[in-house]
Structures are given as structure tokens and as C-alpha cells.
$ cat target-v5.csv   # CSV, C-alpha atoms
chain,number,residue,atom,x,y,z
A,1,MET,CA,-13.7,-12.7,19.1
A,2,ASN,CA,-13.8,-9.0,20.0
A,3,PRO,CA,-10.6,-6.8,19.9
A,4,GLU,CA,-10.1,-6.8,23.7
A,5,ASP,CA,-10.2,-10.6,23.8
A,6,ILE,CA,-7.7,-10.8,20.9
A,7,GLU,CA,-5.4,-8.5,22.7
A,8,LYS,CA,-5.6,-10.4,26.0
A,9,GLN,CA,-5.2,-13.8,24.3
A,10,ALA,CA,-2.2,-12.5,22.3
A,11,GLN,CA,-0.4,-11.3,25.4
A,12,GLU,CA,-0.9,-14.8,27.0
A,13,ASP,CA,0.2,-16.7,24.0
A,14,ILE,CA,3.3,-14.6,23.5
A,15,GLY,CA,4.2,-14.9,27.2
A,16,LYS,CA,4.2,-18.7,26.9
A,17,VAL,CA,6.5,-19.1,23.9
A,18,SER,CA,9.8,-20.8,24.7
A,19,ASN,CA,11.5,-20.8,21.3
A,20,LEU,CA,11.5,-19.0,18.0
A,21,GLN,CA,9.5,-21.7,16.2
A,22,GLU,CA,6.6,-21.3,18.7
A,23,LEU,CA,6.9,-17.5,18.3
A,24,GLN,CA,6.5,-17.8,14.6
A,25,GLN,CA,3.4,-19.9,15.0
A,26,VAL,CA,1.9,-17.3,17.4
A,27,LYS,CA,2.8,-14.5,14.9
A,28,SER,CA,1.0,-16.4,12.1
A,29,LYS,CA,-2.0,-16.9,14.4
A,30,TYR,CA,-2.5,-13.2,14.8
A,31,LEU,CA,-0.8,-11.4,11.9
A,32,GLY,CA,-0.7,-14.0,9.1
A,33,LYS,CA,-3.0,-13.8,6.1
A,34,LYS,CA,-5.6,-15.7,8.0
A,35,GLY,CA,-4.6,-14.4,11.4
A,36,LEU,CA,-7.1,-13.2,14.0
A,37,ILE,CA,-6.2,-9.5,13.6
A,38,THR,CA,-6.0,-9.7,9.8
A,39,LEU,CA,-9.4,-11.3,9.6
A,40,ALA,CA,-10.8,-8.8,12.1
A,41,LEU,CA,-9.6,-5.9,9.9
A,42,LYS,CA,-11.2,-7.4,6.9
A,43,GLU,CA,-14.5,-7.9,8.6
A,44,ILE,CA,-15.0,-4.2,9.5
A,45,VAL,CA,-15.9,-3.6,5.8
A,46,SER,CA,-19.5,-4.7,6.7
A,47,LEU,CA,-19.8,-2.1,9.4
A,48,SER,CA,-21.2,1.5,9.1
A,49,PRO,CA,-18.6,4.2,8.3
A,50,GLU,CA,-18.6,5.5,11.9
A,51,GLU,CA,-18.2,2.0,13.3
A,52,ARG,CA,-15.4,1.2,10.7
A,53,ARG,CA,-13.4,4.2,11.8
A,54,GLU,CA,-13.8,3.3,15.5
A,55,GLN,CA,-13.1,-0.4,15.0
A,56,GLY,CA,-10.3,0.2,12.5
A,57,ALA,CA,-8.5,2.5,14.9
A,58,LYS,CA,-8.8,0.1,17.8
A,59,LEU,CA,-7.6,-2.9,15.7
A,60,ASN,CA,-4.6,-0.9,14.3
A,61,ARG,CA,-3.6,0.0,17.9
A,62,ILE,CA,-3.9,-3.7,18.9
A,63,LYS,CA,-1.9,-4.7,15.8
A,64,GLU,CA,1.0,-2.3,16.7
A,65,PHE,CA,0.9,-3.5,20.4
A,66,VAL,CA,1.1,-7.2,19.3
A,67,GLU,CA,3.9,-6.4,16.8
A,68,GLU,CA,5.9,-4.8,19.6
A,69,LEU,CA,5.3,-7.7,22.0
A,70,LEU,CA,6.5,-10.1,19.2
A,71,LYS,CA,9.6,-8.1,18.6
A,72,ARG,CA,10.5,-8.0,22.3
A,73,ALA,CA,9.9,-11.8,22.6
A,74,GLU,CA,12.1,-12.4,19.5
A,75,ASP,CA,14.9,-10.3,20.8
A,76,ARG,CA,14.8,-12.2,24.1
A,77,LEU,CA,14.7,-15.6,22.6
A,78,ARG,CA,17.5,-14.9,20.2
A,79,ARG,CA,19.6,-13.5,23.0
A,80,GLU,CA,18.9,-16.6,25.2
A,81,LYS,CA,19.8,-18.9,22.2
A,82,VAL,CA,23.1,-17.2,21.7
A,83,GLU,CA,23.9,-17.3,25.5
A,84,LYS,CA,23.0,-21.0,25.6
A,85,GLU,CA,25.2,-21.8,22.6
A,86,LEU,CA,28.1,-19.9,24.1
A,87,SER,CA,27.8,-21.7,27.4
A,88,LEU,CA,28.4,-25.0,25.7
A,89,GLN,CA,31.7,-23.8,24.2
A,90,TRP,CA,34.9,-24.5,26.2
A,91,GLN,CA,36.8,-21.6,24.8
A,92,GLU,CA,36.1,-17.9,25.5
A,93,LEU,CA,34.3,-16.2,22.7
A,94,THR,CA,33.9,-12.5,22.1
A,95,VAL,CA,30.7,-11.7,20.3
A,96,SER,CA,30.8,-8.4,18.3
A,97,LEU,CA,27.4,-6.7,18.2
A,98,PRO,CA,26.5,-5.1,14.9
A,99,LYS,CA,27.2,-1.5,14.7
A,100,TYR,CA,23.9,-0.7,13.0
A,101,ALA,CA,20.5,-2.3,13.4
A,102,GLY,CA,18.5,-3.2,10.4
A,103,ALA,CA,15.4,-1.3,9.2
A,104,ILE,CA,12.5,-1.9,7.0
A,105,HIS,CA,13.0,-0.6,3.4
A,106,PRO,CA,11.4,2.9,3.0
A,107,ILE,CA,9.2,1.7,0.2
A,108,THR,CA,7.9,-1.2,2.3
A,109,GLN,CA,7.3,1.2,5.2
A,110,THR,CA,5.3,3.5,2.9
A,111,LEU,CA,3.3,0.6,1.5
A,112,GLN,CA,2.4,-0.6,5.0
A,113,ARG,CA,1.4,2.9,6.1
A,114,ILE,CA,-0.8,3.5,3.1
A,115,GLN,CA,-2.5,0.1,3.6
A,116,ASP,CA,-3.0,0.7,7.4
A,117,ILE,CA,-4.7,4.1,6.7
A,118,PHE,CA,-7.1,2.7,4.1
A,119,VAL,CA,-7.9,-0.5,6.2
A,120,GLY,CA,-8.7,1.9,9.0
A,121,MET,CA,-11.2,3.6,6.7
A,122,GLY,CA,-12.9,0.2,6.0
A,123,PHE,CA,-11.2,-0.7,2.7
A,124,SER,CA,-10.1,-4.3,1.9
A,125,VAL,CA,-6.7,-5.1,0.4
A,126,GLU,CA,-6.8,-7.0,-2.9
A,127,GLU,CA,-4.0,-8.5,-5.0
A,128,GLY,CA,-3.7,-9.8,-8.6
A,129,PRO,CA,-1.2,-11.2,-11.0
A,130,GLU,CA,1.8,-9.1,-12.3
A,131,VAL,CA,1.7,-11.0,-15.6
A,132,GLU,CA,-1.6,-9.9,-16.9
A,133,LEU,CA,-3.9,-10.3,-19.9
A,134,GLU,CA,-4.2,-7.3,-22.2
A,135,SER,CA,-8.0,-7.4,-21.9
A,136,TYR,CA,-7.8,-6.8,-18.1
A,137,ASN,CA,-5.0,-4.2,-18.4
A,138,PHE,CA,-6.6,-2.2,-21.2
A,139,ASP,CA,-9.9,-3.4,-22.8
A,140,PHE,CA,-12.1,-3.6,-19.7
A,141,LEU,CA,-10.8,-0.2,-18.6
A,142,ASN,CA,-12.1,1.5,-21.7
A,143,ILE,CA,-8.6,2.1,-23.2
A,144,PRO,CA,-9.0,2.0,-27.0
A,145,LYS,CA,-6.8,-0.1,-29.3
A,146,GLU,CA,-5.0,3.0,-30.6
A,147,HIS,CA,-4.2,4.4,-27.2
A,148,PRO,CA,-0.4,5.3,-26.9
A,149,ALA,CA,-0.2,3.4,-23.6
A,150,ARG,CA,-0.5,0.1,-25.6
A,151,ASP,CA,2.6,0.9,-27.7
A,152,MET,CA,5.7,-1.3,-27.4
A,153,GLN,CA,7.5,1.8,-26.3
A,154,ASP,CA,5.5,2.0,-23.1
A,155,THR,CA,4.4,-1.6,-22.3
A,156,PHE,CA,6.4,-4.8,-21.7
A,157,TYR,CA,4.6,-7.4,-23.8
A,158,VAL,CA,5.4,-11.1,-22.8
A,159,ASN,CA,4.1,-12.8,-26.0
A,160,LYS,CA,1.7,-12.4,-28.9
A,161,GLU,CA,-1.1,-14.1,-27.0
A,162,GLY,CA,-2.0,-11.0,-25.2
A,163,TYR,CA,0.1,-11.4,-22.0
A,164,LEU,CA,2.0,-8.4,-20.7
A,165,LEU,CA,3.6,-7.1,-17.5
A,166,ARG,CA,0.8,-5.0,-16.0
A,167,THR,CA,1.3,-1.2,-16.4
A,168,HIS,CA,-0.9,-0.4,-13.4
A,169,THR,CA,-2.8,-2.2,-10.7
A,170,SER,CA,-6.2,-1.3,-12.2
A,171,PRO,CA,-6.6,-4.9,-13.5
A,172,VAL,CA,-7.1,-5.9,-9.9
A,173,GLN,CA,-10.1,-3.6,-9.7
A,174,ILE,CA,-11.5,-5.2,-12.8
A,175,ARG,CA,-11.1,-8.7,-11.4
A,176,VAL,CA,-12.8,-7.6,-8.1
A,177,MET,CA,-15.7,-6.0,-10.0
A,178,LEU,CA,-16.1,-9.2,-12.1
A,179,SER,CA,-16.1,-11.5,-9.0
A,180,GLN,CA,-17.8,-9.4,-6.3
A,181,LYS,CA,-21.1,-7.6,-6.1
A,182,PRO,CA,-21.2,-3.9,-4.9
A,183,PRO,CA,-20.8,-2.3,-2.5
A,184,ILE,CA,-17.0,-2.5,-3.1
A,185,TYR,CA,-14.4,-0.6,-1.0
A,186,MET,CA,-10.9,-1.8,-1.9
A,187,ILE,CA,-7.3,-0.9,-2.6
A,188,ALA,CA,-4.8,-2.7,-4.8
A,189,PRO,CA,-1.1,-2.4,-3.9
A,190,GLY,CA,1.6,-3.9,-6.0
A,191,ARG,CA,4.5,-3.7,-8.5
A,192,VAL,CA,3.9,-2.4,-12.0
A,193,TYR,CA,6.1,-2.1,-15.1
A,194,ARG,CA,6.6,0.6,-17.7
A,195,ARG,CA,9.4,1.5,-20.1
A,196,ASP,CA,10.6,4.5,-18.0
A,197,ASP,CA,14.2,5.1,-16.9
A,198,ASP,CA,15.3,8.5,-15.5
A,199,PRO,CA,16.0,10.0,-12.0
A,200,THR,CA,12.3,10.2,-11.2
A,201,HIS,CA,11.0,7.1,-13.0
A,202,SER,CA,11.9,3.4,-12.9
A,203,PRO,CA,10.8,0.5,-15.2
A,204,VAL,CA,9.6,-1.3,-12.0
A,205,PHE,CA,7.8,0.6,-9.4
A,206,HIS,CA,4.9,0.3,-6.9
A,207,GLN,CA,1.3,1.6,-7.1
A,208,VAL,CA,-1.7,1.7,-4.8
A,209,GLU,CA,-5.0,2.1,-6.5
A,210,GLY,CA,-8.3,2.4,-4.8
A,211,LEU,CA,-11.9,1.7,-5.9
A,212,VAL,CA,-15.3,2.4,-4.4
A,213,VAL,CA,-18.5,1.2,-6.0
A,214,ASP,CA,-21.7,1.9,-4.2
A,215,GLU,CA,-25.2,3.4,-4.8
A,216,SER,CA,-24.2,6.6,-3.0
A,217,ALA,CA,-20.6,7.0,-4.3
A,218,ASN,CA,-20.0,10.5,-5.6
A,219,PHE,CA,-17.2,13.1,-6.3
A,220,LYS,CA,-17.7,14.7,-2.9
A,221,HIS,CA,-17.2,11.3,-1.2
A,222,MET,CA,-14.0,10.7,-3.3
A,223,LYS,CA,-12.6,14.2,-2.5
A,224,HIS,CA,-13.1,13.7,1.2
A,225,THR,CA,-11.5,10.2,1.2
A,226,ILE,CA,-8.4,11.5,-0.6
A,227,GLU,CA,-8.0,14.6,1.5
A,228,GLU,CA,-8.3,12.6,4.7
A,229,PHE,CA,-5.8,10.0,3.5
A,230,LEU,CA,-3.2,12.7,2.5
A,231,ARG,CA,-3.5,14.5,5.8
A,232,GLU,CA,-3.2,11.3,7.7
A,233,PHE,CA,-0.2,10.1,5.6
A,234,PHE,CA,1.8,13.3,5.8
A,235,GLU,CA,0.7,13.8,9.4
A,236,ALA,CA,-0.2,17.5,8.7
A,237,ASP,CA,-3.1,19.6,7.5
A,238,VAL,CA,-1.6,19.9,4.0
A,239,PRO,CA,-3.5,22.0,1.4
A,240,VAL,CA,-5.1,19.8,-1.3
A,241,ARG,CA,-6.4,20.8,-4.7
A,242,PHE,CA,-8.0,18.9,-7.6
A,243,ARG,CA,-7.2,19.8,-11.3
A,244,ALA,CA,-9.3,18.7,-14.2
A,245,SER,CA,-7.6,15.9,-16.2
A,246,TYR,CA,-8.4,13.0,-18.5
A,247,PHE,CA,-8.2,9.2,-18.1
A,248,PRO,CA,-10.1,6.8,-20.3
A,249,PHE,CA,-11.5,4.8,-17.4
A,250,THR,CA,-12.9,7.8,-15.3
A,251,GLU,CA,-15.1,10.7,-16.2
A,252,PRO,CA,-14.8,13.3,-14.8
A,253,SER,CA,-11.1,12.9,-14.0
A,254,ALA,CA,-8.7,14.9,-11.9
A,255,GLU,CA,-5.1,15.2,-10.8
A,256,VAL,CA,-4.5,15.7,-7.1
A,257,ASP,CA,-1.9,18.2,-5.8
A,258,ILE,CA,-0.7,19.0,-2.3
A,259,GLY,CA,1.0,22.2,-1.1
A,260,CYS,CA,4.7,21.9,-1.4
A,261,LEU,CA,6.2,20.4,1.7
A,262,VAL,CA,9.6,22.1,1.2
A,263,CYS,CA,8.6,25.7,0.7
A,264,GLY,CA,5.1,25.7,2.2
A,265,GLY,CA,3.6,26.9,-1.0
A,266,LYS,CA,5.8,29.9,-1.6
A,267,GLY,CA,7.6,28.3,-4.7
A,268,CYS,CA,10.9,26.6,-4.9
A,269,ARG,CA,13.1,24.3,-7.1
A,270,VAL,CA,11.2,21.1,-5.9
A,271,CYS,CA,7.8,22.4,-6.9
A,272,LYS,CA,9.2,24.4,-9.9
A,273,GLY,CA,7.9,27.6,-8.4
A,274,SER,CA,4.3,26.6,-8.4
A,275,GLY,CA,3.9,25.9,-4.7
A,276,TRP,CA,2.2,22.6,-5.5
A,277,LEU,CA,3.3,18.9,-5.9
A,278,GLU,CA,1.3,16.3,-7.9
A,279,VAL,CA,0.6,13.2,-5.9
A,280,MET,CA,-2.1,11.1,-7.6
A,281,GLY,CA,-4.9,10.9,-10.1
A,282,CYS,CA,-8.5,10.1,-9.5
A,283,GLY,CA,-12.0,10.3,-11.0
A,284,MET,CA,-15.5,8.9,-11.2
A,285,VAL,CA,-15.5,5.4,-12.8
A,286,HIS,CA,-16.7,5.6,-16.4
A,287,PRO,CA,-20.1,4.0,-16.7
A,288,GLN,CA,-18.8,1.9,-19.6
A,289,VAL,CA,-16.2,0.3,-17.2
A,290,LEU,CA,-19.0,-0.6,-14.8
A,291,GLU,CA,-21.1,-2.1,-17.6
A,292,ASN,CA,-18.0,-4.0,-18.9
A,293,CYS,CA,-17.9,-5.7,-15.5
A,294,GLY,CA,-21.6,-6.5,-15.4
A,295,ILE,CA,-22.5,-3.7,-12.9
A,296,ASP,CA,-25.6,-1.6,-13.6
A,297,SER,CA,-24.3,1.9,-14.1
A,298,GLU,CA,-27.9,3.3,-13.6
A,299,LEU,CA,-27.9,1.9,-10.1
A,300,TYR,CA,-24.3,2.1,-9.0
A,301,GLN,CA,-21.6,4.8,-9.2
A,302,GLY,CA,-17.9,4.5,-8.5
A,303,PHE,CA,-14.8,6.4,-8.0
A,304,ALA,CA,-11.1,5.4,-8.3
A,305,PHE,CA,-7.7,6.8,-7.5
A,306,GLY,CA,-4.1,5.8,-8.0
A,307,MET,CA,-0.8,6.8,-6.5
A,308,GLY,CA,2.9,6.0,-7.0
A,309,VAL,CA,4.3,4.6,-3.8
A,310,GLU,CA,7.8,5.8,-4.7
A,311,ARG,CA,6.5,9.3,-5.3
A,312,LEU,CA,4.9,9.5,-1.8
A,313,CYS,CA,8.0,8.0,-0.2
A,314,MET,CA,10.3,10.5,-2.0
A,315,LEU,CA,8.1,13.4,-0.8
A,316,TYR,CA,7.9,12.2,2.8
A,317,PHE,CA,11.6,11.5,3.2
A,318,GLY,CA,12.9,14.3,0.9
A,319,ILE,CA,14.6,11.9,-1.7
A,320,ASP,CA,15.3,13.3,-5.2
A,321,ASN,CA,16.5,10.2,-7.1
A,322,ILE,CA,14.2,7.1,-7.4
A,323,LYS,CA,17.2,4.9,-8.2
A,324,LEU,CA,18.5,5.2,-4.7
A,325,PHE,CA,15.7,2.8,-3.6
A,326,TYR,CA,17.1,0.0,-5.7
A,327,GLU,CA,20.9,0.2,-5.2
A,328,ASN,CA,21.0,-1.6,-1.9
A,329,ASP,CA,23.4,0.9,-0.4
A,330,LEU,CA,23.2,0.4,3.4
A,331,ARG,CA,24.5,3.9,4.0
A,332,PHE,CA,21.3,5.2,2.3
A,333,LEU,CA,18.8,2.6,3.6
A,334,ARG,CA,19.7,2.8,7.3
A,335,GLN,CA,18.8,6.5,7.4
A,336,PHE,CA,15.0,5.8,7.2
A,337,ARG,CA,12.9,4.9,10.1
A,338,TRP,CA,9.2,5.8,10.0
A,339,SER,CA,8.3,8.2,12.8
$ encode --input "target-v5.csv" --output "C-alpha cells"
Amino acid sequence: MNPEDIEKQAQEDIGKVSNLQELQQVKSKYLGKKGLITLALKEIVSLSPEERREQGAKLNRIKEFVEELLKRAEDRLRREKVEKELSLQWQELTVSLPKYAGAIHPITQTLQRIQDIFVGMGFSVEEGPEVELESYNFDFLNIPKEHPARDMQDTFYVNKEGYLLRTHTSPVQIRVMLSQKPPIYMIAPGRVYRRDDDPTHSPVFHQVEGLVVDESANFKHMKHTIEEFLREFFEADVPVRFRASYFPFTEPSAEVDIGCLVCGGKGCRVCKGSGWLEVMGCGMVHPQVLENCGIDSELYQGFAFGMGVERLCMLYFGIDNIKLFYENDLRFLRQFRWS
């Protein structure tokens, strides 16, 4: 079914619903894991880059339109339900409307925005277990046995049989490379766990990691992908720079900075006078990692990148303490609505 037919059919289906149960069924039909719009977004991976951009933008517009129709229908049905219940009561009732409307948590908003941008670029969204095997979390990723990241001070180990709480979403990349043949264009969002606890770090936080494996994948391709994502995410032509770094699973590796959003690059307390803010790490997938997953490193190349969702959310909204996200203070949470 083409996008226009999906949009037309969704309008008709939503217009016919008469109760909240039917509305939920329609929502699942179009936005569920196997919904028409969800499947259509996944299918654009097979298109050419130019077609993916065009089709992705069209489907995202339709998705937003359907979500708005569903919200209006839900508001109408809930209002009608309340009015019907009140009409059956013999006594007069005064219904107090809530002073504040609810809002999606800022971290969830940020995750959804990141995913929408990459799906529009033709990436698939992949998931994996949070309780992970040490081999997927470290060994396949070329992280040596003596690496500090394996220490008990950094990693939450579940038992002595090699199970742990994943320290990054990179194991999802490994599982995809072991189960799928290139070309691969994917992102892996999810919760990760590390022994951190200070104003800018939490023992539980969210990451989105990306992976591309293709015959033509190169550093220039990676650089362009990251720059386009950051400018789309921050809705501005932000300066972007790449600094040489080191990660066991990529070579060469780089840290990615953007021009400070507070001072415009002039130097301030937030950027510690440098004019730059670090936002993610990236690099070309180490040939050994490809070989570990049964991919011919002579034929294929890959690049990977990873970002902290809380970090991006804090930069976008101007939040200076990560713990505010987890305290469930309504005074804090109701401030944030994505523009």
C-alpha cells in the first residue's frame, strides 16, 4: 500500500471509531510494531538513498498526521464517555478539569526524535537484551580481557557465568551482524548500565548507537551522516568537528563536538571556555570486529557511532543535572514540550 493510500485509509478508519477500544485497534493497525506505517518505514531501507530520503520524509509526515487524528479522536471519545456517565447520575456533579495537561517525558521525546531522524535516513531500529553475555558486550567488540571497562568498578556483573547488565548498546550491533548479511543500516536505542553517579552521570541511562556496513562505507560517509543528524536534531546549522580518539572496536576513531549552544562558540562556563561541546563518539569499524561476526573485511567496511540520549536532551533543553530526569517532579517535567 502506497503512503497516500495509507493516509486516506487511516482517515476513514479513525472517522468510523465509536469507542476507545476500537480506537486502540486502529492505532495498532497503523502505528503498532507491525502497523502499516511502521512496516512502511522499515521497508524503505531497500530503496536508493535519494528515494529513502523522499519516502522517509513523506511517511514521517503521514505518521505525525495520523498521530494527531488519533489524539483528537481520543479526546472526543473520552469527553463523550464522561458526558454519558454524568447524564446517568441523578445528582449534580461538578467536574474539575486538571490544571496541567500531561506531557511525554523529555528523554522519551529525545529518543523518539533521534529515531525519527535516522529512520528518515533509511536506518532500521533494532533492539536487544539488557542482561547480556560478556562475549557480546566485550569479546566480539575487540575489547581485551585486561581492559578497564571490564572491571567490577565499571560493570554490573549478574553472575559468574558471564552475564552482566550491558554497558552500551553495541551488543545489538554484534547480534545484527551475526544474523544479517550486509548491507546493514541500523540504530540501536536502549537503556545501559554503568557504575557512575554524579550530576552529569547516572548508573542507568540511555544510548543510541548506529552501524553501517556496506561495500562503499567510508569516513566521509560517516562524517556526512553525523553532521546531517546533528543539524536536524538541533534544528540549526551548528558547527561540527571531529577529534582523533581511541576505541577498541573502531579504527580510526573520533570524538564529535558541536559549537557551544549557549555562547555560540565564544567560550563560557558550560563549554569550559573552549567554545565546543562533546556529543558523541564514532569511527570506522575495526576489521577484526567484522571478521568476528563472519563478515569479509576485505569486501565490506563499516562505521559506527554512539551518543548518550540524556546528554543530547540536556543540551537541547538547557538542563545541568541528569538526576532531575529521574526524580518524577511534576514541576520539572511539565516544562518540556518538544517544539
$ atom_distance --input "target-v5.csv" --atom1 "CA of Pro248 in chain A" --atom2 "CA of Gln115 in chain A"
26.0 Å
$ closest_residue --input "target-v5.csv" --among "A:Gln25, A:Asn137, A:Asn159, A:Gln180" --to "Val192 in chain A" --atoms "all atoms listed in the file"
A:Asn137
$ residues_around --input "target-v5.csv" --residues "range 296-310 of chain A" --least-positions-apart "5" --cutoff "8 Å" --atoms "only C-alpha atoms" --output "count of residues only"
33
$ closest_residue --input "target-v5.csv" --among "A:Ile117, A:His105, A:Thr155, A:Lys71" --to "Glu327 in chain A" --atoms "all atoms listed in the file"
A:His105
$ closest_residue --input "target-v5.csv" --among "A:Thr108, A:Asp320, A:Asn19, A:Glu43" --to "Asp75 in chain A" --atoms "all atoms listed in the file"
A:Asn19
$ atom_distance --input "target-v5.csv" --atom1 "CA of Met314 in chain A" --atom2 "CA of Phe123 in chain A"
24.7 Å
$ residues_around --input "target-v5.csv" --residues "range 29-37 of chain A" --least-positions-apart "4" --cutoff "12 Å" --atoms "all atoms listed in the file" --output "ChimeraX atom specification"
/A:1-11,13-14,22-25,41-44,55-56,58-67,69-70,119,125-126
$ atom_distance --input "target-v5.csv" --atom1 "CA of Pro183 in chain A" --atom2 "CA of Phe234 in chain A"
28.7 Å
$ closest_residue --input "target-v5.csv" --among "A:Arg166, A:Arg334, A:Arg76, A:Arg53" --to "Leu133 in chain A" --atoms "only C-alpha atoms"
A:Arg166
$ closest_residue --input "target-v5.csv" --among "A:Val26, A:Leu324, A:Leu330, A:Ala73" --to "Ser202 in chain A" --atoms "only C-alpha atoms"
A:Leu324
$ closest_residue --input "target-v5.csv" --among "A:Tyr326, A:Phe332, A:Tyr246, A:Tyr185" --to "Gly120 in chain A" --atoms "all atoms listed in the file"
A:Tyr185
$ decode --input "target-v5.csv" --residues "range 107-125 of chain A" --atoms "N, CA, C and O atoms" --output "compact mmCIF listing (two decimals), in the first residue's frame"
# COMPACT_ATOMS: atom_id res chain seq x y z
N ILE A 107 13.17 12.65 28.00
CA ILE A 107 14.07 11.62 27.46
C ILE A 107 13.35 10.82 26.38
O ILE A 107 13.92 10.50 25.32
N THR A 108 12.08 10.49 26.62
CA THR A 108 11.29 9.77 25.61
C THR A 108 11.13 10.62 24.35
O THR A 108 11.23 10.12 23.23
N GLN A 109 10.88 11.92 24.53
CA GLN A 109 10.79 12.82 23.39
C GLN A 109 12.08 12.80 22.58
O GLN A 109 12.07 12.74 21.35
N THR A 110 13.22 12.84 23.29
CA THR A 110 14.52 12.86 22.62
C THR A 110 14.77 11.56 21.87
O THR A 110 15.23 11.56 20.72
N LEU A 111 14.45 10.43 22.51
CA LEU A 111 14.61 9.13 21.85
C LEU A 111 13.76 9.05 20.58
O LEU A 111 14.23 8.60 19.53
N GLN A 112 12.53 9.49 20.67
CA GLN A 112 11.63 9.44 19.51
C GLN A 112 12.16 10.31 18.38
O GLN A 112 12.11 9.93 17.21
N ARG A 113 12.68 11.48 18.73
CA ARG A 113 13.19 12.39 17.71
C ARG A 113 14.42 11.80 17.02
O ARG A 113 14.54 11.86 15.79
N ILE A 114 15.34 11.23 17.80
CA ILE A 114 16.54 10.60 17.22
C ILE A 114 16.14 9.49 16.26
O ILE A 114 16.65 9.40 15.14
N GLN A 115 15.21 8.63 16.71
CA GLN A 115 14.78 7.52 15.87
C GLN A 115 14.12 8.01 14.58
O GLN A 115 14.37 7.49 13.50
N ASP A 116 13.26 9.03 14.69
CA ASP A 116 12.58 9.55 13.51
C ASP A 116 13.57 10.07 12.48
O ASP A 116 13.40 9.87 11.27
N ILE A 117 14.61 10.75 12.94
CA ILE A 117 15.60 11.32 12.03
C ILE A 117 16.33 10.20 11.28
O ILE A 117 16.49 10.24 10.04
N PHE A 118 16.77 9.17 12.02
CA PHE A 118 17.53 8.11 11.38
C PHE A 118 16.65 7.20 10.51
O PHE A 118 17.09 6.73 9.46
N VAL A 119 15.42 6.98 10.92
CA VAL A 119 14.50 6.21 10.07
C VAL A 119 14.28 6.96 8.77
O VAL A 119 14.22 6.36 7.69
N GLY A 120 14.20 8.29 8.84
CA GLY A 120 14.08 9.10 7.64
C GLY A 120 15.29 8.99 6.73
O GLY A 120 15.19 9.22 5.52
N MET A 121 16.43 8.62 7.30
CA MET A 121 17.65 8.42 6.51
C MET A 121 17.74 7.00 5.95
O MET A 121 18.67 6.68 5.22
N GLY A 122 16.80 6.14 6.34
CA GLY A 122 16.81 4.78 5.83
C GLY A 122 17.37 3.75 6.78
O GLY A 122 17.61 2.61 6.39
N PHE A 123 17.59 4.12 8.06
CA PHE A 123 18.10 3.18 9.05
C PHE A 123 16.95 2.38 9.66
O PHE A 123 15.83 2.90 9.82
N SER A 124 17.21 1.14 10.01
CA SER A 124 16.24 0.35 10.77
C SER A 124 16.52 0.51 12.26
O SER A 124 17.62 0.90 12.66
N VAL A 125 15.52 0.23 13.09
CA VAL A 125 15.66 0.32 14.55
C VAL A 125 15.70 -1.10 15.10
O VAL A 125 14.76 -1.86 14.91
